[in-house]
Structures are given as C-alpha cells and as structure tokens.
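Colleague: Just dropping this structure here.
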Amino acid sequence: MTSIDLAFLIYAVFITTVSFLNLLRIDYWWIRMWDFPHFQLMVLASVGLVAWLLVAPTWGWPQLATPSLLTAALLYQAWLIYPYTYLHRVQVPRRKSRAQASDDNTIRLLIANVFMDNTHCPELRSLVRKHKPDVLLVLEGNERWRKALEEIDDDYPYQQLIPLENTYGMLFYSRFKTRQMQVHYRIQDGIPSVSTQLELPSGQWINFYGVHPMPPSPTENYRSTERDAELLLVGKEARKKTGPVIVAGDLNDVAWSHTTRLFGRISGLLDPRIGRGLFSTFHAKYFFLRWPLDHVFVSHHFVLNGIRRLPNCGSDHFPILVSLTYAPDPNRIEDIPQAEEADIEEMKEKLDEVASS
C-alpha cells in the first residue's frame, strides 16, 4: 500500500466514523456534536470519493476499503438529508388558493435568535416593520434588546418579556390576543420557555410554544440529556392538545437528528421544511458550517403559505419567517406521526434520568 493509498484510507475511516457516531445513544457533547454536520460530511465524502477515483483507483484489497467506506458514508448522509429536498413529499401542504381558508385564519411568525451581544437592533426593527409578523419570538434577548424593541410595543400589545443576561432571554410579542400565558423553567433554572394560546382574527384559538433549550457543548452542558428532555416534555404536552399547535424556537438541534425526529413522533407535529429545503439558520457568518437550528413545527390543522430565511441582522443566526393558515382537513389525520412503544420508553428514560440528576 502506497502512502497515497494509506492517506485516502485514513481519510475514509475518519469520515465514516464521524458519520455514524450519531447512531450511538450516548448523550455526551463530543458524540452529539456529530449530529450537526451531516451535510458537510456528505460533501466531504463526495470529494474524497471523486479524488480517489481521479488519483488512486487501485482495484484490490485493502485499497477498495476506501471507496467502500466513503460510499457508505455518502449514502447514509444522503438518506438523512433527503427529506429536506424537493424529491421528498411535503409534510405540510401548501395553501392552494384564497378559497381554501380566509386570511383571518392566517398567522405570520418571525423567529430571531439575535445573539445577545449583537448591537444591530435597528436592523431587526426594520425587518419587523417590513414583514409585519403577527408573532415575534426573540431569543437571547436581554434588557438592552428589550429597550431597543420598545418602538414596536404599540404594534404588539400582547407580550411576555423575559430579558436575561445568560443568552437565554426570551421576548415574545403578539398582535393577536393571548390567554393562559405561562413562563416555564421545565428542566433547568434560567432556561425559560413560554406557552400561550393565540386568537386568530377568525376567533380560532391556537396553542403556541416558544422554546430555546441549552445545547450540548463543552462550554454550556456536557450532555444533551437536558435539551432532549425539554423537547420531549413539550412534545408530550403538545400531543395532548385537541386543537391546533405551533412549536417554535431555537431547538439547538438539527432537523435530521434522532432527538428531533423523536420529538416529531412524540408530539405528532409536522415540519414545514420537509420536501422544501433545509433553510439553515446557523452559522450566519460561516457558510461552510451551516445547519438548521431554528424550527417551526405545526399540527396537521395548518397549511403553509410560505417559509423564508431572512437577511442576517448581525447575529450568528438568520431570522426565519413562516406564514401558516389554519385550514383543518379530516383526511390529513392520517399524516400525524405516531410514536412507537420504543419511543415512549426512550422518552421515559430521558425524563427519569433528568429527574434523578
């Protein structure tokens, strides 16, 4: 085996190993971090495979291990990413016409993780004035951001403002009437979430959850257990609702991860991005390290008018704007994701682990 063959083999072993690490049900951050870059790993596997074909195509053992490993990694990444391409059937159908439902049943939601130390406050205000969302969810909002957004107070009479200096502040603004507004610290002190009911102009009430759990990382939490448990608690609660539900926020998890897919089955909620694209929101400044962290999940009661990633406002996240219309269709009940017994057991194990820690 030549040095070139050996270099390709080491490259292939590394790419394949980190590609499949996410299959280990271990919550330590150095394992869970590999949930995120699957698109990048798919590109790296493709580049490595093409380079091997051009430079060192030796059709014997052990040289054939290189293309075999890279092909396996490439196919696995493609399987994870495939639902977020136009080739996949959409989970949330598009609104076909104005006749499908009136505008009185429409809600426009803007999510903006602003990065607490960011000073580009006027740019976010400009986005709000331009797009006129009915609901604005600002994440990482501290007291400075609360004061900077006072100009929009008259347009958003219903608010739940939790300015914090720990990067987990949450500022919730609504044009729509609210009731049963609550602030939760479901798993960790200092990590709030909000829940409320919003009244559409038609008079229809919808259940809304705004979330921003702590990610697994060497600087914040050594494991993902608390993040996973918070998402599963919200999903469990959302599943019990009989009316329409929206869950939105920075989940600090990617759309294709095991935890996010488990959340979908536990909650019975749908992802508007499936069949439409990744709409990656983080990291706004590094295009080669970008993945979808900011999410909107909805119940089967909604159809989609549009989903857009908006221009950056100085943050490490792009804002995302989603327009939905309440248009219940009895035939879509079959589309609701269903949790299997293993999913329920896994949820219980996560919640028990957090409760006992």
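Ordered as shown in the structure tokens, chains take letters A, B, and onward, while each chain numbers its residues from 1 and ligands are numbered from 1 in the order shown.
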What's around Arg179 (chain A) at 8 Å? Count only C-alpha atoms, leave out sequence neighbours fewer than 2 positions away in its own chain, and write the answer as a list in words.

Modeller: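 Contacts, with the query itself left out: Lys177, Met181, Thr196, Gln197 and Leu198 of chain A.
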
Colleague: Atoms to include: N, CA and C atoms. Write the selected residues as a PDB file, in the first residue's frame.

Modeller:
```pdb
ATOM      1  N   LYS A 177     -54.619  38.449  20.348  1.00  0.00           N
ATOM      2  CA  LYS A 177     -54.978  38.302  21.754  1.00  0.00           C
ATOM      3  C   LYS A 177     -54.447  36.982  22.292  1.00  0.00           C
ATOM      4  N   MET A 181     -51.221  32.597  29.258  1.00  0.00           N
ATOM      5  CA  MET A 181     -49.792  32.793  29.056  1.00  0.00           C
ATOM      6  C   MET A 181     -49.018  32.290  30.273  1.00  0.00           C
ATOM      7  N   THR A 196     -48.710  29.662  25.410  1.00  0.00           N
ATOM      8  CA  THR A 196     -49.896  30.516  25.437  1.00  0.00           C
ATOM      9  C   THR A 196     -50.885  30.023  24.396  1.00  0.00           C
ATOM     10  N   GLN A 197     -52.033  30.624  24.388  1.00  0.00           N
ATOM     11  CA  GLN A 197     -52.998  30.426  23.314  1.00  0.00           C
ATOM     12  C   GLN A 197     -53.184  31.757  22.604  1.00  0.00           C
ATOM     13  N   LEU A 198     -53.227  31.708  21.274  1.00  0.00           N
ATOM     14  CA  LEU A 198     -53.369  32.893  20.436  1.00  0.00           C
ATOM     15  C   LEU A 198     -54.712  32.837  19.722  1.00  0.00           C
TER      16      LEU A 198
END
```

Colleague: If you run DSSP over the backbone, which residues in region 277-352 of chain A end up alpha helix (DSSP H)? Put them as a PyMOL selection string.

Modeller: chain A and resi 341-352

Colleague: I'd like a table as CSV: residues in region 221-301 of chain A with an atom no more than 9 Å from region 88-91 of chain A, each row giving the shortest atom pair and its distance in Å to one decimal, only C-alpha atoms counted, sorted by chain and rising residue number.

Modeller:
```
residue,atom,partner,partner_atom,distance
A:Leu270,CA,A:Gln91,CA,6.1
A:Asp271,CA,A:Gln91,CA,6.3
A:Pro272,CA,A:Gln91,CA,6.3
A:Arg273,CA,A:Val90,CA,7.7
A:Ile274,CA,A:Val90,CA,5.3
A:Gly275,CA,A:Val90,CA,4.2
A:Arg276,CA,A:Val90,CA,6.9
A:His300,CA,A:Gln91,CA,8.9
```

Colleague: Could you check how far CA of Arg144 (chain A) sits from CA of Leu171 (chain A), in Å to one decimal?

Modeller: 11.6 Å

Colleague: Between A:Phe172, A:Phe318, A:Tyr222, A:Tyr209, which has the minimum distance to Phe297 (chain A) (counting only C-alpha atoms)?

Modeller: A:Tyr209

Colleague: For the atom pair CA of Ser3 (chain A) and CA of Leu49 (chain A), what is the interatomic distance in Å to one decimal place?

Modeller: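 Going from CA of Ser3 (chain A) over to CA of Leu49 (chain A), I get 17.0 Å.
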
Colleague: When you look at region 120-125 of chain A with a cut-off of 10 Å (counting only C-alpha atoms), what residues show up, excluding the ones that are within fewer than 4 positions of it in the same chain? I need them as a ChimeraX atom specification.

Modeller: /A:112,114-115,129-130,138,144-152,311-315,319

Colleague: As a ChimeraX atom specification, please: the residues near Thr281 (chain A) (cut-off 10 Å, only C-alpha atoms, same-chain neighbours under 5 positions excluded).

Modeller: /A:112-113,250,290-295,309-310,312,316-320

Colleague: Would you save the residues from that selection as a JSON list (two decimals), in the first residue's frame, using C-alpha atoms?

Modeller:
```json
[["chain", "number", "residue", "atom", "x", "y", "z"],
["A", 112, "ALA", "CA", -34.95, 35.72, 15.55],
["A", 113, "ASN", "CA", -32.08, 34.48, 17.67],
["A", 250, "ASP", "CA", -34.07, 27.61, 18.51],
["A", 290, "ARG", "CA", -24.36, 25.98, 8.46],
["A", 291, "TRP", "CA", -27.31, 23.86, 9.55],
["A", 292, "PRO", "CA", -30.99, 24.24, 10.54],
["A", 293, "LEU", "CA", -31.23, 25.09, 14.25],
["A", 294, "ASP", "CA", -34.32, 27.34, 14.28],
["A", 295, "HIS", "CA", -37.52, 25.38, 13.86],
["A", 309, "ARG", "CA", -34.85, 32.71, 5.70],
["A", 310, "LEU", "CA", -34.42, 36.45, 6.17],
["A", 312, "ASN", "CA", -28.87, 38.45, 8.86],
["A", 316, "ASP", "CA", -24.88, 34.21, 14.28],
["A", 317, "HIS", "CA", -28.40, 33.09, 13.30],
["A", 318, "PHE", "CA", -30.53, 34.11, 10.34],
["A", 319, "PRO", "CA", -34.12, 35.03, 11.26],
["A", 320, "ILE", "CA", -36.80, 32.81, 9.75]]
```

Colleague: Name the residues of region 36-229 of chain A that fall into strand (DSSP E) according to DSSP on the backbone, using the chain letters and numbers of this document, as a ChimeraX atom specification.

Modeller: /A:106-113,135-139,158-162,170-174,177-184,193-199,205-211
